[in-house]
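As stored in entry_10.cif (mmCIF, N, CA, C and O atoms):
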```cif
data_entry
loop_
_atom_site.label_atom_id
_atom_site.label_comp_id
_atom_site.auth_asym_id
_atom_site.auth_seq_id
_atom_site.Cartn_x
_atom_site.Cartn_y
_atom_site.Cartn_z
N PHE A 526 -137.65 48.76 -79.05
CA PHE A 526 -137.78 49.13 -77.66
C PHE A 526 -137.59 47.89 -76.80
O PHE A 526 -138.21 46.86 -77.03
N SER A 527 -136.73 48.00 -75.81
CA SER A 527 -136.53 46.87 -74.91
C SER A 527 -136.45 47.36 -73.47
O SER A 527 -136.10 48.52 -73.22
N ILE A 528 -136.78 46.48 -72.58
CA ILE A 528 -136.76 46.79 -71.15
C ILE A 528 -135.83 45.79 -70.48
O ILE A 528 -135.94 44.58 -70.69
N SER A 529 -134.92 46.32 -69.67
CA SER A 529 -133.99 45.45 -68.96
C SER A 529 -133.75 46.00 -67.56
O SER A 529 -133.42 47.18 -67.40
N LEU A 530 -133.91 45.15 -66.58
CA LEU A 530 -133.64 45.57 -65.20
C LEU A 530 -132.15 45.86 -65.01
O LEU A 530 -131.77 46.56 -64.07
N LYS A 531 -131.33 45.35 -65.90
CA LYS A 531 -129.89 45.63 -65.82
C LYS A 531 -129.60 47.11 -66.03
O LYS A 531 -128.58 47.61 -65.57
N THR A 532 -130.51 47.82 -66.69
CA THR A 532 -130.34 49.27 -66.86
C THR A 532 -130.38 49.95 -65.50
O THR A 532 -129.59 50.86 -65.22
N THR A 533 -131.28 49.51 -64.64
CA THR A 533 -131.35 50.06 -63.28
C THR A 533 -130.03 49.83 -62.56
O THR A 533 -129.50 50.73 -61.92
N LYS A 534 -129.50 48.63 -62.67
CA LYS A 534 -128.23 48.32 -62.02
C LYS A 534 -127.12 49.22 -62.54
O LYS A 534 -126.33 49.77 -61.77
N ARG A 535 -127.07 49.41 -63.85
CA ARG A 535 -126.03 50.24 -64.46
C ARG A 535 -126.17 51.69 -64.01
O ARG A 535 -125.19 52.33 -63.61
N LEU A 536 -127.39 52.22 -64.02
CA LEU A 536 -127.60 53.62 -63.63
C LEU A 536 -127.38 53.83 -62.13
O LEU A 536 -126.88 54.87 -61.70
N ARG A 537 -127.73 52.82 -61.32
CA ARG A 537 -127.57 52.95 -59.87
C ARG A 537 -126.11 53.18 -59.50
O ARG A 537 -125.81 53.95 -58.58
N SER A 538 -125.23 52.56 -60.23
CA SER A 538 -123.80 52.71 -59.93
C SER A 538 -123.31 54.13 -60.21
O SER A 538 -122.24 54.52 -59.76
N MET A 539 -124.10 54.93 -60.92
CA MET A 539 -123.71 56.29 -61.28
C MET A 539 -124.29 57.34 -60.33
O MET A 539 -123.97 58.53 -60.47
N VAL A 540 -125.12 56.91 -59.39
CA VAL A 540 -125.83 57.85 -58.52
C VAL A 540 -125.43 57.60 -57.07
O VAL A 540 -125.51 56.47 -56.59
N GLU A 541 -125.03 58.65 -56.38
CA GLU A 541 -124.71 58.53 -54.96
C GLU A 541 -126.00 58.30 -54.17
O GLU A 541 -127.03 58.88 -54.48
N GLU A 542 -125.93 57.48 -53.15
CA GLU A 542 -127.10 57.18 -52.34
C GLU A 542 -127.51 58.36 -51.46
O GLU A 542 -128.69 58.56 -51.19
N LYS A 543 -126.55 59.13 -51.00
CA LYS A 543 -126.83 60.21 -50.05
C LYS A 543 -127.80 61.23 -50.66
O LYS A 543 -127.55 61.77 -51.73
N ASP A 544 -128.89 61.47 -49.93
CA ASP A 544 -129.86 62.50 -50.31
C ASP A 544 -130.46 62.30 -51.71
O ASP A 544 -130.82 63.27 -52.37
N THR A 545 -130.55 61.07 -52.18
CA THR A 545 -131.09 60.79 -53.51
C THR A 545 -132.17 59.72 -53.40
O THR A 545 -131.97 58.70 -52.75
N ILE A 546 -133.29 59.98 -54.04
CA ILE A 546 -134.32 58.96 -54.16
C ILE A 546 -134.15 58.34 -55.54
O ILE A 546 -134.18 59.04 -56.55
N PHE A 547 -133.96 57.04 -55.56
CA PHE A 547 -133.68 56.34 -56.81
C PHE A 547 -134.85 55.43 -57.15
O PHE A 547 -135.20 54.54 -56.36
N LEU A 548 -135.46 55.64 -58.31
CA LEU A 548 -136.62 54.86 -58.74
C LEU A 548 -136.30 54.03 -59.96
O LEU A 548 -135.54 54.46 -60.82
N SER A 549 -136.92 52.87 -60.03
CA SER A 549 -136.86 52.05 -61.24
C SER A 549 -138.23 52.15 -61.88
O SER A 549 -139.25 51.94 -61.22
N GLU A 550 -138.27 52.44 -63.17
CA GLU A 550 -139.53 52.82 -63.77
C GLU A 550 -140.18 51.78 -64.67
O GLU A 550 -141.25 52.04 -65.21
N SER A 551 -139.60 50.63 -64.86
CA SER A 551 -140.26 49.70 -65.76
C SER A 551 -139.64 48.31 -65.66
O SER A 551 -138.51 48.16 -65.25
N GLY A 552 -140.44 47.32 -66.03
CA GLY A 552 -139.92 45.97 -66.18
C GLY A 552 -140.08 45.06 -64.99
O GLY A 552 -139.73 43.89 -65.06
N VAL A 553 -140.62 45.55 -63.90
CA VAL A 553 -140.78 44.72 -62.71
C VAL A 553 -142.06 43.89 -62.87
O VAL A 553 -143.15 44.43 -63.00
N ARG A 554 -141.89 42.58 -62.87
CA ARG A 554 -143.05 41.69 -63.10
C ARG A 554 -143.16 40.56 -62.09
O ARG A 554 -144.21 39.95 -61.97
N THR A 555 -142.07 40.28 -61.37
CA THR A 555 -142.08 39.13 -60.46
C THR A 555 -141.46 39.52 -59.11
O THR A 555 -140.78 40.53 -58.99
N VAL A 556 -141.67 38.66 -58.13
CA VAL A 556 -141.06 38.90 -56.82
C VAL A 556 -139.53 38.84 -56.93
O VAL A 556 -138.83 39.56 -56.23
N GLU A 557 -139.02 38.03 -57.85
CA GLU A 557 -137.57 37.98 -58.08
C GLU A 557 -137.06 39.33 -58.59
O GLU A 557 -135.97 39.77 -58.19
N ASP A 558 -137.86 39.98 -59.42
CA ASP A 558 -137.49 41.32 -59.90
C ASP A 558 -137.46 42.31 -58.74
O ASP A 558 -136.57 43.15 -58.66
N VAL A 559 -138.43 42.20 -57.85
CA VAL A 559 -138.48 43.09 -56.68
C VAL A 559 -137.23 42.88 -55.82
O VAL A 559 -136.62 43.85 -55.37
N LEU A 560 -136.85 41.64 -55.62
CA LEU A 560 -135.67 41.35 -54.81
C LEU A 560 -134.40 41.86 -55.50
O LEU A 560 -133.48 42.35 -54.83
N PHE A 561 -134.35 41.79 -56.82
CA PHE A 561 -133.22 42.35 -57.56
C PHE A 561 -133.15 43.85 -57.35
O PHE A 561 -132.07 44.41 -57.15
N MET A 562 -134.31 44.51 -57.36
CA MET A 562 -134.35 45.96 -57.12
C MET A 562 -133.89 46.30 -55.71
O MET A 562 -133.21 47.29 -55.49
N LYS A 563 -134.23 45.45 -54.76
CA LYS A 563 -133.77 45.65 -53.38
C LYS A 563 -132.25 45.59 -53.33
O LYS A 563 -131.61 46.41 -52.68
N GLU A 564 -131.67 44.62 -54.03
CA GLU A 564 -130.21 44.50 -54.08
C GLU A 564 -129.57 45.76 -54.66
O GLU A 564 -128.45 46.12 -54.28
N GLN A 565 -130.27 46.42 -55.58
CA GLN A 565 -129.74 47.64 -56.21
C GLN A 565 -130.00 48.88 -55.36
O GLN A 565 -129.64 49.98 -55.76
N LYS A 566 -130.64 48.70 -54.22
CA LYS A 566 -130.97 49.79 -53.30
C LYS A 566 -131.90 50.82 -53.95
O LYS A 566 -131.74 52.02 -53.81
N VAL A 567 -132.90 50.30 -54.66
CA VAL A 567 -133.91 51.13 -55.28
C VAL A 567 -134.91 51.56 -54.21
O VAL A 567 -135.34 50.76 -53.39
N ASP A 568 -135.27 52.83 -54.23
CA ASP A 568 -136.20 53.37 -53.23
C ASP A 568 -137.66 53.20 -53.61
O ASP A 568 -138.54 53.24 -52.75
N GLY A 569 -137.94 53.05 -54.89
CA GLY A 569 -139.32 52.91 -55.32
C GLY A 569 -139.40 52.34 -56.72
O GLY A 569 -138.44 52.37 -57.48
N LEU A 570 -140.58 51.81 -57.03
CA LEU A 570 -140.81 51.18 -58.32
C LEU A 570 -142.04 51.79 -58.97
O LEU A 570 -143.05 52.01 -58.30
N LEU A 571 -141.97 52.02 -60.26
CA LEU A 571 -143.14 52.41 -61.04
C LEU A 571 -143.61 51.14 -61.73
O LEU A 571 -142.90 50.59 -62.57
N VAL A 572 -144.77 50.66 -61.34
CA VAL A 572 -145.29 49.40 -61.86
C VAL A 572 -146.65 49.65 -62.48
O VAL A 572 -147.49 50.31 -61.88
N GLY A 573 -146.88 49.10 -63.63
CA GLY A 573 -148.18 49.23 -64.27
C GLY A 573 -148.71 47.91 -64.76
O GLY A 573 -149.68 47.38 -64.25
N ARG A 574 -148.03 47.36 -65.72
CA ARG A 574 -148.52 46.15 -66.39
C ARG A 574 -148.74 44.98 -65.45
O ARG A 574 -149.77 44.30 -65.52
N ALA A 575 -147.82 44.74 -64.55
CA ALA A 575 -147.96 43.60 -63.63
C ALA A 575 -149.23 43.73 -62.79
O ALA A 575 -149.94 42.75 -62.56
N PHE A 576 -149.56 44.95 -62.38
CA PHE A 576 -150.79 45.16 -61.61
C PHE A 576 -152.03 45.05 -62.48
O PHE A 576 -153.05 44.52 -62.07
N MET A 577 -151.94 45.56 -63.70
CA MET A 577 -153.09 45.52 -64.60
C MET A 577 -153.46 44.09 -64.99
O MET A 577 -154.62 43.79 -65.25
N GLU A 578 -152.48 43.21 -65.02
CA GLU A 578 -152.72 41.83 -65.42
C GLU A 578 -153.22 40.94 -64.29
O GLU A 578 -153.62 39.81 -64.54
N ARG A 579 -153.19 41.44 -63.08
CA ARG A 579 -153.62 40.64 -61.92
C ARG A 579 -155.06 40.92 -61.56
O ARG A 579 -155.53 42.05 -61.62
N GLU A 580 -155.77 39.88 -61.19
CA GLU A 580 -157.15 40.03 -60.75
C GLU A 580 -157.21 40.81 -59.44
O GLU A 580 -158.13 41.58 -59.19
N HIS A 581 -156.20 40.60 -58.58
CA HIS A 581 -156.14 41.27 -57.28
C HIS A 581 -154.79 41.99 -57.14
O HIS A 581 -153.88 41.50 -56.46
N PRO A 582 -154.66 43.16 -57.76
CA PRO A 582 -153.38 43.87 -57.72
C PRO A 582 -152.95 44.27 -56.32
O PRO A 582 -151.75 44.34 -56.03
N GLY A 583 -153.90 44.50 -55.43
CA GLY A 583 -153.55 44.84 -54.06
C GLY A 583 -152.80 43.71 -53.37
O GLY A 583 -151.88 43.95 -52.58
N GLN A 584 -153.19 42.49 -53.66
CA GLN A 584 -152.50 41.33 -53.09
C GLN A 584 -151.07 41.25 -53.62
O GLN A 584 -150.14 40.96 -52.87
N LEU A 585 -150.91 41.52 -54.90
CA LEU A 585 -149.56 41.52 -55.48
C LEU A 585 -148.69 42.59 -54.83
O LEU A 585 -147.54 42.34 -54.48
N ALA A 586 -149.26 43.77 -54.64
CA ALA A 586 -148.51 44.85 -53.98
C ALA A 586 -148.09 44.42 -52.58
O ALA A 586 -146.96 44.68 -52.16
N LYS A 587 -148.99 43.77 -51.85
CA LYS A 587 -148.65 43.30 -50.50
C LYS A 587 -147.53 42.25 -50.55
O LYS A 587 -146.60 42.31 -49.75
N GLU A 588 -147.63 41.31 -51.48
CA GLU A 588 -146.59 40.29 -51.63
C GLU A 588 -145.23 40.93 -51.89
O GLU A 588 -144.22 40.54 -51.31
N TRP A 589 -145.21 41.91 -52.78
CA TRP A 589 -143.96 42.56 -53.12
C TRP A 589 -143.42 43.39 -51.96
O TRP A 589 -142.23 43.39 -51.70
N LYS A 590 -144.31 44.06 -51.26
CA LYS A 590 -143.89 44.85 -50.10
C LYS A 590 -143.29 43.94 -49.03
O LYS A 590 -142.25 44.24 -48.45
N ASP A 591 -143.96 42.82 -48.78
CA ASP A 591 -143.45 41.84 -47.81
C ASP A 591 -142.09 41.30 -48.24
O ASP A 591 -141.19 41.13 -47.41
N ALA A 592 -141.94 41.02 -49.54
CA ALA A 592 -140.67 40.49 -50.04
C ALA A 592 -139.56 41.52 -49.89
O ALA A 592 -138.43 41.16 -49.55
N TYR A 593 -139.88 42.80 -50.13
CA TYR A 593 -138.87 43.85 -50.01
C TYR A 593 -138.47 44.05 -48.56
O TYR A 593 -137.33 44.39 -48.26
N GLY A 594 -139.43 43.83 -47.66
CA GLY A 594 -139.11 43.86 -46.24
C GLY A 594 -139.08 45.22 -45.60
O GLY A 594 -138.49 45.40 -44.54
N GLU A 595 -139.66 46.21 -46.22
CA GLU A 595 -139.68 47.54 -45.62
C GLU A 595 -141.05 48.16 -45.75
O GLU A 595 -141.79 47.92 -46.61
#
```
Just give me the structure of the file as structure tokens.
Amino acid sequence: FSISLKTTKRLRSMVEEKDTIFLSESGVRTVEDVLFMKEQKVDGLLVGRAFMEREHPGQLAKEWKDAYGE
């Protein structure tokens, strides 16, 4: 089993943006990953492990939201 953010990039190219909500479901661990997802025009992220490993997951969510800029 492996996780690669490149899978999101590959799948994104197969989905039209119009009237579609596109989610990335795994592998996001850093602000750089969040910015990569923004480049792929991802509408949402399913994050678990990164939040579970942080003492203050709400702060991490705020940092990522600020980085995404929306």
(request) If you run DSSP over the backbone, which residues in chain A end up alpha helix (DSSP H)? Put them as a PyMOL selection string. (result) chain A and resi 530-537+556-564+574-577+582-593
(request) Might you spell out which residues the PyMOL selection byres ((chain A and resi 571-573) around 5) would select in the displayed file, as a list in words? (result)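 Selected by the PyMOL selection byres ((chain A and resi 571-573) around 5) in this file: Ser549, Glu550, Ser551, Gly569, Leu570, Arg574, Ala575, Phe576 and Met577 of chain A.
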Keeping N, CA, C and O atoms for every residue in the selection just given, could you write it to a file as a short mmCIF file (atom, residue, chain, number, x, y, z; two decimals), in the coordinates of the input?
```
data_model
loop_
_atom_site.label_atom_id
_atom_site.label_comp_id
_atom_site.auth_asym_id
_atom_site.auth_seq_id
_atom_site.Cartn_x
_atom_site.Cartn_y
_atom_site.Cartn_z
N SER A 549 -136.92 52.87 -60.03
CA SER A 549 -136.86 52.05 -61.24
C SER A 549 -138.23 52.15 -61.88
O SER A 549 -139.25 51.94 -61.22
N GLU A 550 -138.27 52.44 -63.17
CA GLU A 550 -139.53 52.82 -63.77
C GLU A 550 -140.18 51.78 -64.67
O GLU A 550 -141.25 52.04 -65.21
N SER A 551 -139.60 50.63 -64.86
CA SER A 551 -140.26 49.70 -65.76
C SER A 551 -139.64 48.31 -65.66
O SER A 551 -138.51 48.16 -65.25
N GLY A 569 -137.94 53.05 -54.89
CA GLY A 569 -139.32 52.91 -55.32
C GLY A 569 -139.40 52.34 -56.72
O GLY A 569 -138.44 52.37 -57.48
N LEU A 570 -140.58 51.81 -57.03
CA LEU A 570 -140.81 51.18 -58.32
C LEU A 570 -142.04 51.79 -58.97
O LEU A 570 -143.05 52.01 -58.30
N ARG A 574 -148.03 47.36 -65.72
CA ARG A 574 -148.52 46.15 -66.39
C ARG A 574 -148.74 44.98 -65.45
O ARG A 574 -149.77 44.30 -65.52
N ALA A 575 -147.82 44.74 -64.55
CA ALA A 575 -147.96 43.60 -63.63
C ALA A 575 -149.23 43.73 -62.79
O ALA A 575 -149.94 42.75 -62.56
N PHE A 576 -149.56 44.95 -62.38
CA PHE A 576 -150.79 45.16 -61.61
C PHE A 576 -152.03 45.05 -62.48
O PHE A 576 -153.05 44.52 -62.07
N MET A 577 -151.94 45.56 -63.70
CA MET A 577 -153.09 45.52 -64.60
C MET A 577 -153.46 44.09 -64.99
O MET A 577 -154.62 43.79 -65.25
#
```
(message) Just checking: using only C-alpha atoms, which residue out of A:Ser527, A:Ala592, A:His581, A:Thr532 ends up closest to A:Leu548?
(response) A:Thr532
(request) Please provide the set of residues having any atom within 12 Å of A:Ser538, restricted to only C-alpha atoms, with same-chain residues fewer than 6 positions apart removed, written as a ChimeraX atom specification. (result) /A:531-532,547,564-567
(message) I'd like the contact shell of A:Tyr593 - 9 Å cut-off, only C-alpha atoms, skipping same-chain residues fewer than 3 positions apart - returned as a ChimeraX atom specification.
(response) /A:556,559-560,562-563,588-590
(request) Could you tell me, as a PyMOL selection string, which residues of chain A DSSP assigns to strand (DSSP E or B) when given the backbone? (result) chain A and resi 548-549+569-570
(request) Work out how far apart atom O of A:Leu585 and atom C of A:Thr555 are and give it in Å to one decimal. (result) 8.1 Å
(request) May I ask for the distance between atom CA of A:Asp591 and atom O of A:Met539, given in Å to one decimal place? (result)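 So the answer is 28.6 Å.
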Set up a box along x, y and z of the file covering all listed atoms of stretch 567-578 of chain A, add 6 Å on every one of the six sides, and write the centre and edge lengths in Å to one decimal, as JSON.
```
{"center_x": -143.8, "center_y": 46.6, "center_z": -59.6, "size_x": 33.7, "size_y": 25.6, "size_z": 25.6}
```
(request) Pick out the residues sitting within 8 Å of A:Ser529, and hand them over as a PyMOL selection string; count only N, CA, C and O atoms, and ignore anything fewer than 5 positions along from it in its own chain. (result) chain A and resi 534-535+551-553
(request) Grab the atom C of A:Arg554 to atom N of A:Glu541 distance for me, in Å with one decimal place. (result)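 Interatomic distance here is 26.2 Å.
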Fill-in result for stretch 547-558 of chain A, all heavy atoms as a short mmCIF file (atom, residue, chain, number, x, y, z; two decimals), keeping the file's coordinate frame:
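That gives us rebuild_32.cif:
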```cif
data_model
loop_
_atom_site.label_atom_id
_atom_site.label_comp_id
_atom_site.auth_asym_id
_atom_site.auth_seq_id
_atom_site.Cartn_x
_atom_site.Cartn_y
_atom_site.Cartn_z
N PHE A 547 -133.96 57.04 -55.56
CA PHE A 547 -133.68 56.34 -56.81
C PHE A 547 -134.85 55.43 -57.15
O PHE A 547 -135.20 54.54 -56.36
CB PHE A 547 -132.38 55.54 -56.69
CG PHE A 547 -131.89 55.00 -58.00
CD1 PHE A 547 -131.15 55.80 -58.85
CD2 PHE A 547 -132.18 53.71 -58.38
CE1 PHE A 547 -130.70 55.31 -60.07
CE2 PHE A 547 -131.74 53.21 -59.58
CZ PHE A 547 -131.00 54.01 -60.44
N LEU A 548 -135.46 55.64 -58.31
CA LEU A 548 -136.62 54.86 -58.74
C LEU A 548 -136.30 54.03 -59.96
O LEU A 548 -135.54 54.46 -60.82
CB LEU A 548 -137.79 55.80 -59.09
CG LEU A 548 -138.23 56.77 -58.00
CD1 LEU A 548 -139.31 57.68 -58.54
CD2 LEU A 548 -138.71 56.03 -56.78
N SER A 549 -136.92 52.87 -60.03
CA SER A 549 -136.86 52.05 -61.24
C SER A 549 -138.23 52.15 -61.88
O SER A 549 -139.25 51.94 -61.22
CB SER A 549 -136.51 50.61 -60.89
OG SER A 549 -136.39 49.85 -62.07
N GLU A 550 -138.27 52.44 -63.17
CA GLU A 550 -139.53 52.82 -63.77
C GLU A 550 -140.18 51.78 -64.67
O GLU A 550 -141.25 52.04 -65.21
CB GLU A 550 -139.36 54.12 -64.56
CG GLU A 550 -139.03 55.28 -63.66
CD GLU A 550 -139.07 56.61 -64.37
OE1 GLU A 550 -139.03 56.63 -65.61
OE2 GLU A 550 -139.15 57.62 -63.69
N SER A 551 -139.60 50.63 -64.86
CA SER A 551 -140.26 49.70 -65.76
C SER A 551 -139.64 48.31 -65.66
O SER A 551 -138.51 48.16 -65.25
CB SER A 551 -140.14 50.20 -67.20
OG SER A 551 -141.04 49.53 -68.03
N GLY A 552 -140.44 47.32 -66.03
CA GLY A 552 -139.92 45.97 -66.18
C GLY A 552 -140.08 45.06 -64.99
O GLY A 552 -139.73 43.89 -65.06
N VAL A 553 -140.62 45.55 -63.90
CA VAL A 553 -140.78 44.72 -62.71
C VAL A 553 -142.06 43.89 -62.87
O VAL A 553 -143.15 44.43 -63.00
CB VAL A 553 -140.84 45.58 -61.43
CG1 VAL A 553 -141.07 44.72 -60.21
CG2 VAL A 553 -139.56 46.38 -61.28
N ARG A 554 -141.89 42.58 -62.87
CA ARG A 554 -143.05 41.69 -63.10
C ARG A 554 -143.16 40.56 -62.09
O ARG A 554 -144.21 39.95 -61.97
CB ARG A 554 -142.97 41.12 -64.50
CG ARG A 554 -142.98 42.22 -65.56
CD ARG A 554 -143.14 41.67 -66.95
NE ARG A 554 -144.16 40.66 -67.05
CZ ARG A 554 -145.35 40.84 -67.60
NH1 ARG A 554 -145.67 42.00 -68.08
NH2 ARG A 554 -146.21 39.84 -67.68
N THR A 555 -142.07 40.28 -61.37
CA THR A 555 -142.08 39.13 -60.46
C THR A 555 -141.46 39.52 -59.11
O THR A 555 -140.78 40.53 -58.99
CB THR A 555 -141.25 37.97 -61.04
OG1 THR A 555 -139.87 38.36 -61.07
CG2 THR A 555 -141.71 37.57 -62.43
N VAL A 556 -141.67 38.66 -58.13
CA VAL A 556 -141.06 38.90 -56.82
C VAL A 556 -139.53 38.84 -56.93
O VAL A 556 -138.83 39.56 -56.23
CB VAL A 556 -141.61 37.94 -55.75
CG1 VAL A 556 -141.13 36.51 -55.98
CG2 VAL A 556 -141.27 38.41 -54.36
N GLU A 557 -139.02 38.03 -57.85
CA GLU A 557 -137.57 37.98 -58.08
C GLU A 557 -137.06 39.33 -58.59
O GLU A 557 -135.97 39.77 -58.19
CB GLU A 557 -137.21 36.86 -59.06
CG GLU A 557 -137.41 35.47 -58.50
CD GLU A 557 -138.86 34.98 -58.56
OE1 GLU A 557 -139.69 35.58 -59.27
OE2 GLU A 557 -139.16 34.00 -57.86
N ASP A 558 -137.86 39.98 -59.42
CA ASP A 558 -137.49 41.32 -59.90
C ASP A 558 -137.46 42.31 -58.74
O ASP A 558 -136.57 43.15 -58.66
CB ASP A 558 -138.48 41.82 -60.95
CG ASP A 558 -138.46 41.01 -62.24
OD1 ASP A 558 -137.47 40.29 -62.50
OD2 ASP A 558 -139.46 41.10 -62.99
#
```
